[in-house]
file input.cif (mmCIF, C-alpha atoms)
data_my_file
loop_
_atom_site.label_atom_id
_atom_site.label_comp_id
_atom_site.auth_asym_id
_atom_site.auth_seq_id
_atom_site.Cartn_x
_atom_site.Cartn_y
_atom_site.Cartn_z
CA MET S 1445 -5.68 15.41 5.34
CA PRO S 1446 -4.23 16.23 8.76
CA GLU S 1447 -2.24 13.82 10.88
CA THR S 1448 -3.48 12.85 14.33
CA GLU S 1449 -1.38 11.70 17.26
CA ASP S 1450 -2.81 8.34 18.27
CA THR S 1451 -2.22 6.91 21.74
CA LYS S 1452 -2.05 3.39 20.31
CA ALA S 1453 1.22 1.90 19.16
CA GLY S 1454 2.01 2.66 15.56
CA GLY S 1455 2.44 6.40 15.84
CA PRO S 1456 0.58 9.13 13.97
CA ARG S 1457 -2.33 8.33 11.71
CA ILE S 1458 -3.65 10.18 8.71
CA ALA S 1459 -7.16 10.45 7.30
CA MET S 1460 -7.99 8.60 4.09
CA GLY S 1461 -10.47 9.95 1.58
CA ASP S 1462 -13.40 8.33 3.38
CA GLY S 1463 -12.47 9.86 6.74
CA ARG S 1464 -11.13 6.69 8.36
CA GLU S 1465 -7.54 6.80 9.58
CA ILE S 1466 -4.50 4.80 8.50
CA PRO S 1467 -1.16 4.59 10.37
CA LEU S 1468 1.35 6.85 8.69
CA VAL S 1469 4.03 4.15 8.35
CA GLY S 1470 3.35 0.55 7.35
CA LEU S 1471 5.16 -2.69 6.58
CA GLY S 1472 4.95 -3.99 3.01
CA THR S 1473 5.25 -7.76 2.57
CA TYR S 1474 6.00 -7.94 -1.15
CA LEU S 1475 8.57 -10.70 -1.82
CA ALA S 1476 8.25 -12.08 1.73
CA GLU S 1477 7.89 -15.82 1.14
CA ASP S 1478 4.88 -17.52 2.64
CA GLY S 1479 5.81 -19.39 5.78
CA ALA S 1480 8.61 -18.58 8.19
CA GLU S 1481 9.93 -15.51 6.37
CA ALA S 1482 6.63 -13.65 6.07
CA GLU S 1483 5.50 -14.64 9.54
CA ALA S 1484 8.80 -13.54 11.11
CA SER S 1485 8.76 -10.20 9.27
CA VAL S 1486 5.25 -9.34 10.42
CA ALA S 1487 5.92 -10.59 13.96
CA ALA S 1488 9.01 -8.39 14.20
CA ALA S 1489 7.12 -5.39 12.83
CA LEU S 1490 4.31 -5.74 15.34
CA LYS S 1491 6.82 -6.14 18.17
CA LEU S 1492 8.54 -2.92 17.06
CA GLY S 1493 5.24 -1.06 17.14
CA TYR S 1494 4.13 -1.15 13.51
CA ARG S 1495 0.33 -1.30 13.25
CA HIS S 1496 -0.10 -1.08 9.47
CA ILE S 1497 0.54 -4.31 7.54
CA ASP S 1498 0.23 -4.50 3.76
CA THR S 1499 -0.20 -7.77 1.84
CA ALA S 1500 -1.94 -9.00 -1.31
CA GLU S 1501 -3.51 -12.00 -2.99
CA GLY S 1502 -0.62 -11.94 -5.45
CA TYR S 1503 2.01 -12.05 -2.71
CA GLU S 1504 0.67 -15.47 -1.67
CA ASN S 1505 1.53 -14.84 1.97
CA GLU S 1506 -1.78 -13.75 3.51
CA ALA S 1507 -2.01 -16.88 5.68
CA SER S 1508 1.42 -16.20 7.20
CA VAL S 1509 0.54 -12.55 7.80
CA GLY S 1510 -2.61 -13.69 9.59
CA ALA S 1511 -0.70 -16.25 11.65
CA ALA S 1512 1.75 -13.58 12.85
CA MET S 1513 -1.11 -11.29 13.77
CA ALA S 1514 -2.86 -14.04 15.72
CA LYS S 1515 0.29 -14.95 17.68
CA SER S 1516 1.33 -11.35 18.37
CA GLY S 1517 -1.08 -10.68 21.21
CA VAL S 1518 -1.89 -7.30 19.66
CA PRO S 1519 -5.67 -6.67 19.65
CA ARG S 1520 -7.15 -6.93 16.16
CA ASP S 1521 -8.65 -3.46 16.34
CA GLU S 1522 -5.16 -1.99 16.79
CA ILE S 1523 -3.83 -3.53 13.56
CA PHE S 1524 -4.60 -1.90 10.22
CA VAL S 1525 -4.53 -4.61 7.54
CA CYS S 1526 -4.51 -3.86 3.82
CA THR S 1527 -4.72 -6.54 1.16
CA LYS S 1528 -5.17 -6.37 -2.59
CA MET S 1529 -7.06 -8.30 -5.22
CA PHE S 1530 -5.25 -9.38 -8.37
CA PRO S 1531 -7.83 -8.38 -11.01
CA GLY S 1532 -6.64 -10.76 -13.72
CA ASN S 1533 -4.78 -9.78 -16.84
CA PRO S 1534 -5.85 -10.93 -20.32
CA ALA S 1535 -2.37 -10.02 -21.61
CA TRP S 1536 -0.97 -12.73 -19.32
CA SER S 1537 -3.77 -15.16 -20.21
CA VAL S 1538 -5.27 -14.67 -16.74
CA PRO S 1539 -9.04 -14.09 -16.99
CA SER S 1540 -10.40 -10.85 -15.56
CA LYS S 1541 -12.30 -11.23 -12.30
CA THR S 1542 -16.03 -10.66 -12.48
CA PHE S 1543 -18.21 -8.91 -9.89
CA GLU S 1544 -18.85 -12.22 -8.14
CA GLY S 1545 -15.24 -13.28 -8.53
CA THR S 1546 -14.13 -10.10 -6.80
CA LEU S 1547 -16.47 -10.75 -3.87
CA ALA S 1548 -15.19 -14.32 -3.58
CA CYS S 1549 -11.57 -13.15 -3.68
CA CYS S 1550 -12.06 -10.80 -0.75
CA ARG S 1551 -13.82 -13.51 1.26
CA ALA S 1552 -10.90 -15.86 0.60
CA SER S 1553 -8.37 -13.23 1.70
CA VAL S 1554 -10.28 -12.52 4.91
CA GLU S 1555 -10.35 -16.25 5.66
CA LYS S 1556 -6.60 -16.64 5.02
CA LEU S 1557 -5.87 -13.69 7.27
CA GLY S 1558 -7.95 -15.28 10.01
CA THR S 1559 -10.01 -12.19 10.60
CA ASP S 1560 -13.58 -11.01 10.06
CA TYR S 1561 -12.69 -8.04 7.88
CA VAL S 1562 -9.85 -6.10 6.31
CA ASP S 1563 -9.29 -2.44 7.03
CA LEU S 1564 -8.48 -1.62 3.41
CA TYR S 1565 -9.14 -3.61 0.24
CA LEU S 1566 -7.60 -2.57 -3.07
CA ILE S 1567 -7.69 -3.50 -6.73
CA HIS S 1568 -4.00 -4.19 -7.31
CA ALA S 1569 -3.67 -2.74 -10.82
CA PRO S 1570 -5.78 -1.52 -13.76
CA PHE S 1571 -4.98 -4.51 -15.97
CA CYS S 1572 -8.47 -5.20 -17.33
CA LEU S 1573 -10.82 -3.51 -19.77
CA PRO S 1574 -12.59 -0.34 -18.58
CA GLU S 1575 -15.97 -2.03 -18.13
CA GLU S 1576 -14.31 -4.88 -16.21
CA ARG S 1577 -12.50 -2.44 -13.94
CA ILE S 1578 -15.79 -0.73 -13.11
CA GLU S 1579 -17.52 -4.03 -12.29
CA GLN S 1580 -14.64 -4.95 -10.00
CA TYR S 1581 -14.87 -1.60 -8.28
CA ARG S 1582 -18.64 -1.97 -7.90
CA ALA S 1583 -17.89 -5.21 -6.08
CA LEU S 1584 -15.55 -3.35 -3.73
CA VAL S 1585 -18.37 -0.93 -2.92
CA LYS S 1586 -20.56 -3.94 -2.10
CA LEU S 1587 -17.83 -5.42 0.13
CA GLN S 1588 -17.65 -2.15 2.03
CA GLU S 1589 -21.42 -2.08 2.44
CA ASP S 1590 -21.31 -5.65 3.78
CA GLY S 1591 -18.53 -4.83 6.26
CA LEU S 1592 -15.88 -7.16 4.84
CA ALA S 1593 -13.77 -4.16 3.89
CA LYS S 1594 -13.85 -1.08 6.11
CA SER S 1595 -12.33 1.08 3.37
CA ILE S 1596 -11.75 0.49 -0.34
CA GLY S 1597 -9.35 1.80 -2.92
CA VAL S 1598 -7.09 1.07 -5.85
CA SER S 1599 -3.40 0.66 -6.64
CA ASN S 1600 -1.30 1.75 -9.61
CA TYR S 1601 -4.20 3.74 -11.06
CA ALA S 1602 -3.46 6.69 -13.34
CA ILE S 1603 -5.67 9.76 -13.66
CA SER S 1604 -7.57 8.18 -16.58
CA HIS S 1605 -8.48 5.13 -14.49
CA LEU S 1606 -9.67 7.28 -11.59
CA GLU S 1607 -11.75 9.33 -14.01
CA GLU S 1608 -13.57 6.11 -15.04
CA ILE S 1609 -14.74 5.65 -11.45
CA LYS S 1610 -15.89 9.26 -11.24
CA ALA S 1611 -17.74 8.99 -14.57
CA ALA S 1612 -19.56 5.87 -13.33
CA GLY S 1613 -20.93 7.84 -10.39
CA LEU S 1614 -19.27 5.57 -7.83
CA PRO S 1615 -17.62 6.70 -4.58
CA MET S 1616 -14.04 7.72 -5.20
CA PRO S 1617 -11.35 5.45 -3.72
CA ALA S 1618 -10.18 6.22 -0.20
CA VAL S 1619 -6.58 5.66 -1.37
CA ASN S 1620 -4.49 4.97 -4.45
CA GLN S 1621 -1.35 2.98 -3.63
CA ILE S 1622 1.43 4.03 -6.00
CA GLU S 1623 5.19 3.85 -6.39
CA PHE S 1624 6.57 6.94 -4.71
CA HIS S 1625 10.07 7.86 -3.54
CA PRO S 1626 12.52 10.74 -4.06
CA LEU S 1627 13.21 9.60 -7.64
CA CYS S 1628 9.53 9.06 -8.52
CA THR S 1629 7.31 11.87 -7.23
CA ARG S 1630 4.31 11.77 -9.64
CA PRO S 1631 3.36 15.47 -9.29
CA GLU S 1632 0.39 15.50 -11.70
CA LEU S 1633 -1.17 12.37 -10.22
CA ILE S 1634 -0.59 13.61 -6.65
CA ALA S 1635 -2.26 16.93 -7.50
CA TYR S 1636 -5.28 15.17 -9.03
CA MET S 1637 -5.64 12.91 -5.99
CA ARG S 1638 -5.45 15.88 -3.63
CA GLU S 1639 -8.20 17.64 -5.61
CA ASN S 1640 -10.39 14.53 -5.44
CA ASN S 1641 -9.71 13.65 -1.78
CA ILE S 1642 -7.83 10.41 -2.53
CA LEU S 1643 -4.97 9.65 -0.16
CA PRO S 1644 -1.74 8.54 -1.87
CA VAL S 1645 -0.10 5.52 -0.23
CA ALA S 1646 3.54 4.99 -1.22
CA TYR S 1647 5.09 1.64 -2.05
CA SER S 1648 8.79 1.06 -2.79
CA SER S 1649 9.31 4.17 -0.65
CA LEU S 1650 12.78 2.94 0.34
CA ALA S 1651 13.74 1.90 -3.19
CA PRO S 1652 16.73 4.26 -3.42
CA MET S 1653 18.48 2.62 -0.47
CA SER S 1654 17.80 -1.09 -0.79
CA THR S 1655 18.17 -4.04 -3.13
CA TRP S 1656 14.66 -3.27 -4.36
CA ARG S 1657 13.24 -5.94 -6.63
CA THR S 1658 16.56 -7.73 -6.84
CA GLY S 1659 16.73 -10.22 -9.70
CA GLN S 1660 13.85 -8.70 -11.65
CA GLY S 1661 16.00 -6.75 -14.08
CA SER S 1662 14.76 -3.38 -12.86
CA ALA S 1663 16.95 -0.46 -13.91
CA LYS S 1664 15.46 1.71 -11.18
CA THR S 1665 17.55 0.14 -8.45
CA GLU S 1666 20.81 0.90 -10.22
CA VAL S 1667 19.66 4.41 -11.08
CA SER S 1668 18.77 4.95 -7.43
CA LEU S 1669 22.06 3.60 -6.15
CA ARG S 1670 24.09 5.64 -8.64
CA SER S 1671 22.16 8.76 -7.62
CA SER S 1672 22.77 8.04 -3.95
CA ARG S 1673 26.51 7.55 -4.53
CA ARG S 1674 26.82 10.60 -6.76
CA ARG S 1675 25.13 12.85 -4.23
CA ARG S 1676 26.95 11.12 -1.36
CA ARG S 1677 23.73 10.66 0.57
CA SER S 1678 23.87 8.42 3.59
CA ARG S 1679 21.16 5.98 4.61
CA SER S 1680 19.88 8.41 7.26
CA GLN S 1681 19.81 11.27 4.73
CA TRP S 1682 17.65 9.17 2.38
CA LEU S 1683 15.31 8.43 5.30
CA SER S 1684 15.04 12.12 6.14
CA LEU S 1685 14.32 13.00 2.51
CA ILE S 1686 11.65 10.30 2.21
CA LEU S 1687 9.92 11.35 5.42
CA THR S 1688 10.00 15.02 4.45
CA ARG S 1689 8.44 14.32 1.07
CA THR S 1690 5.85 11.90 2.38
CA ARG S 1691 4.72 14.30 5.08
CA THR S 1692 4.51 17.35 2.82
CA ARG S 1693 2.61 15.38 0.18
CA THR S 1694 0.47 13.46 2.70
CA LEU S 1695 1.56 9.98 1.69
CA THR S 1696 1.88 7.03 4.00
CA PRO S 1697 4.97 4.94 3.16
CA ASN S 1698 5.27 1.15 3.26
CA PRO S 1699 8.92 0.23 3.97
CA SER S 1700 10.58 -3.08 3.21
CA THR S 1701 9.95 -6.52 4.68
CA ASN S 1702 12.85 -6.14 7.12
CA PRO S 1703 11.25 -4.08 9.91
CA GLU S 1704 14.22 -4.31 12.26
CA GLN S 1705 16.49 -2.90 9.57
CA GLU S 1706 14.02 -0.10 8.87
CA ALA S 1707 13.01 0.62 12.48
CA GLU S 1708 14.62 4.05 12.19
CA ILE S 1709 11.92 5.24 9.79
CA GLY S 1710 9.19 4.29 12.24
CA ILE S 1711 10.93 6.06 15.10
CA ARG S 1712 11.40 9.21 13.05
CA ALA S 1713 7.82 9.15 11.79
CA ARG S 1714 6.57 9.20 15.37
CA ARG S 1715 8.53 12.35 16.25
#
call {"tool": "encode", "arguments": {"input": "input.cif", "output": "structure tokens"}}
result
Amino acid sequence: MPETEDTKAGGPRIAMGDGREIPLVGLGTYLAEDGAEAEASVAAALKLGYRHIDTAEGYENEASVGAAMAKSGVPRDEIFVCTKMFPGNPAWSVPSKTFEGTLACCRASVEKLGTDYVDLYLIHAPFCLPEERIEQYRALVKLQEDGLAKSIGVSNYAISHLEEIKAAGLPMPAVNQIEFHPLCTRPELIAYMRENNILPVAYSSLAPMSTWRTGQGSAKTEVSLRSSRRRRRSRSQWLSLILTRTRTRTLTPNPSTNPEQEAEIGIRARR
């Protein structure tokens, strides 16, 4: 999956499994509160030259992301927008989305974003039963056929979940968005995805150097910080390590919701 130098803002792009291209570096909007915070984050990112914005139904900030895009003056066809469907989760007493429910969810996201389509639409996690996951994915195929989603994929899927899609005879996902950073490299999953032409997209890619998921009781942040202190790695060294690993493994990283703070990663990625 070679990189291409694109003349548009946003730097190099990389081919997804379906042949369409995605900007190598994107802005993730997880934990950006709907309203002023989310809108300001996306506005700042677009001003800095980011052209890949990642949101989700579950983030509850799609409307603010769309508002920032509309006010930015950046042509829609220059912005790569990814959003994700929350599939439901019976374990949380949230009913699983049906085929029709999946279609309706995408339509609602497109409307909130104030656009006619999304560039990439994902199932956020494999929370449902196998047959329910397949029906949801069939709906994504339909959305792509109808033009509401230019590309489709999944997030947080393991090899077993991807094998379900293959066994059903459906097109394989263009991407699988997964946690990936120097302390979480997922070698077996990455190898499987490479063999099956599925592009890995990294989230929490800056986890080792930020207050990642603060207040959620995650041990990973402390482990990351301890590792950073023990190895005496500076912020710039972490950035270099992340970029080296993402390039050699053909991942596209989504940094934090503070694009001005993380501008360095975008500048380095364009070198």
call {"tool": "resolve_selection", "arguments": {"input": "input.cif", "expression": "the PyMOL selection byres ((chain S and resi 1593) around 7)", "output": "MDAnalysis selection string"}}
result
chainID S and resid 1561:1565 1587:1588 1591:1592 1594:1596
call {"tool": "residues_near_point", "arguments": {"input": "input.cif", "point": "(3.4, 2.1, -3.5)", "cutoff": "12 Å", "atoms": "all atoms listed in the file", "output": "MDAnalysis selection string"}}
result
chainID S and resid 1470:1474 1498:1499 1566 1568:1569 1598:1601 1619:1625 1628:1630 1643:1651 1690 1695:1700
call {"tool": "write_last_selection", "arguments": {"input": "input.cif", "atoms": "C-alpha atoms", "output": "compact mmCIF listing (two decimals), in the frame of the given file"}}
result
# COMPACT_ATOMS: atom_id res chain seq x y z
CA GLY S 1470 3.35 0.55 7.35
CA LEU S 1471 5.16 -2.69 6.58
CA GLY S 1472 4.95 -3.99 3.01
CA THR S 1473 5.25 -7.76 2.57
CA TYR S 1474 6.00 -7.94 -1.15
CA ASP S 1498 0.23 -4.50 3.76
CA THR S 1499 -0.20 -7.77 1.84
CA LEU S 1566 -7.60 -2.57 -3.07
CA HIS S 1568 -4.00 -4.19 -7.31
CA ALA S 1569 -3.67 -2.74 -10.82
CA VAL S 1598 -7.09 1.07 -5.85
CA SER S 1599 -3.40 0.66 -6.64
CA ASN S 1600 -1.30 1.75 -9.61
CA TYR S 1601 -4.20 3.74 -11.06
CA VAL S 1619 -6.58 5.66 -1.37
CA ASN S 1620 -4.49 4.97 -4.45
CA GLN S 1621 -1.35 2.98 -3.63
CA ILE S 1622 1.43 4.03 -6.00
CA GLU S 1623 5.19 3.85 -6.39
CA PHE S 1624 6.57 6.94 -4.71
CA HIS S 1625 10.07 7.86 -3.54
CA CYS S 1628 9.53 9.06 -8.52
CA THR S 1629 7.31 11.87 -7.23
CA ARG S 1630 4.31 11.77 -9.64
CA LEU S 1643 -4.97 9.65 -0.16
CA PRO S 1644 -1.74 8.54 -1.87
CA VAL S 1645 -0.10 5.52 -0.23
CA ALA S 1646 3.54 4.99 -1.22
CA TYR S 1647 5.09 1.64 -2.05
CA SER S 1648 8.79 1.06 -2.79
CA SER S 1649 9.31 4.17 -0.65
CA LEU S 1650 12.78 2.94 0.34
CA ALA S 1651 13.74 1.90 -3.19
CA THR S 1690 5.85 11.90 2.38
CA LEU S 1695 1.56 9.98 1.69
CA THR S 1696 1.88 7.03 4.00
CA PRO S 1697 4.97 4.94 3.16
CA ASN S 1698 5.27 1.15 3.26
CA PRO S 1699 8.92 0.23 3.97
CA SER S 1700 10.58 -3.08 3.21
call {"tool": "residues_around", "arguments": {"input": "input.cif", "residues": "Glu1477 in chain S", "least_positions_apart": "5", "cutoff": "12 Å", "atoms": "only C-alpha atoms", "output": "PDB file with C-alpha atoms, keeping the file's coordinate frame"}}
result
ATOM      1  CA  ALA S1482       6.630 -13.650   6.070  1.00  0.00           C
ATOM      2  CA  GLU S1483       5.500 -14.640   9.540  1.00  0.00           C
ATOM      3  CA  ALA S1484       8.800 -13.540  11.110  1.00  0.00           C
ATOM      4  CA  SER S1485       8.760 -10.200   9.270  1.00  0.00           C
ATOM      5  CA  VAL S1486       5.250  -9.340  10.420  1.00  0.00           C
ATOM      6  CA  THR S1499      -0.200  -7.770   1.840  1.00  0.00           C
ATOM      7  CA  GLY S1502      -0.620 -11.940  -5.450  1.00  0.00           C
ATOM      8  CA  TYR S1503       2.010 -12.050  -2.710  1.00  0.00           C
ATOM      9  CA  GLU S1504       0.670 -15.470  -1.670  1.00  0.00           C
ATOM     10  CA  ASN S1505       1.530 -14.840   1.970  1.00  0.00           C
ATOM     11  CA  GLU S1506      -1.780 -13.750   3.510  1.00  0.00           C
ATOM     12  CA  ALA S1507      -2.010 -16.880   5.680  1.00  0.00           C
ATOM     13  CA  SER S1508       1.420 -16.200   7.200  1.00  0.00           C
ATOM     14  CA  VAL S1509       0.540 -12.550   7.800  1.00  0.00           C
ATOM     15  CA  THR S1701       9.950  -6.520   4.680  1.00  0.00           C
TER      16      THR S1701
END
call {"tool": "resolve_selection", "arguments": {"input": "input.cif", "expression": "the PyMOL selection byres ((chain S and resi 1640) around 10)", "output": "list in words"}}
result
Gly1461, Leu1606, Lys1610, Met1616, Pro1617, Ala1618, Ile1634, Ala1635, Tyr1636, Met1637, Arg1638, Glu1639, Asn1641, Ile1642 and Leu1643 of chain S
call {"tool": "atom_distance", "arguments": {"input": "input.cif", "atom1": "CA of Pro1456 in chain S", "atom2": "CA of Ile1523 in chain S"}}
result
13.4 Å
call {"tool": "atom_distance", "arguments": {"input": "input.cif", "atom1": "CA of Arg1520 in chain S", "atom2": "CA of Arg1464 in chain S"}}
result
16.2 Å
call {"tool": "residues_around", "arguments": {"input": "input.cif", "residues": "Glu1579 in chain S", "least_positions_apart": "6", "cutoff": "10 Å", "atoms": "all atoms listed in the file", "output": "list in words"}}
result
Lys1541, Thr1542, Phe1543, Glu1544, Thr1546 and Val1585 of chain S
call {"tool": "write_last_selection", "arguments": {"input": "input.cif", "atoms": "C-alpha atoms", "output": "mmCIF file, in the coordinates of the input"}}
result
data_model
loop_
_atom_site.group_PDB
_atom_site.id
_atom_site.type_symbol
_atom_site.label_atom_id
_atom_site.label_comp_id
_atom_site.auth_asym_id
_atom_site.auth_seq_id
_atom_site.Cartn_x
_atom_site.Cartn_y
_atom_site.Cartn_z
ATOM 1 C CA LYS S 1541 -12.300 -11.230 -12.300
ATOM 2 C CA THR S 1542 -16.030 -10.660 -12.480
ATOM 3 C CA PHE S 1543 -18.210 -8.910 -9.890
ATOM 4 C CA GLU S 1544 -18.850 -12.220 -8.140
ATOM 5 C CA THR S 1546 -14.130 -10.100 -6.800
ATOM 6 C CA VAL S 1585 -18.370 -0.930 -2.920
#
call {"tool": "closest_residue", "arguments": {"input": "input.cif", "among": "S:Ile1603, S:Ala1552, S:Ala1512, S:Ile1458", "to": "Ile1497 in chain S", "atoms": "only C-alpha atoms"}}
result
S:Ala1512
call {"tool": "resolve_selection", "arguments": {"input": "input.cif", "expression": "the PyMOL selection byres ((chain S and resi 1580) around 10)", "output": "VMD selection string"}}
result
chain S and resid 1529 1531 1540 to 1547 1567 1572 1574 to 1579 1581 to 1586
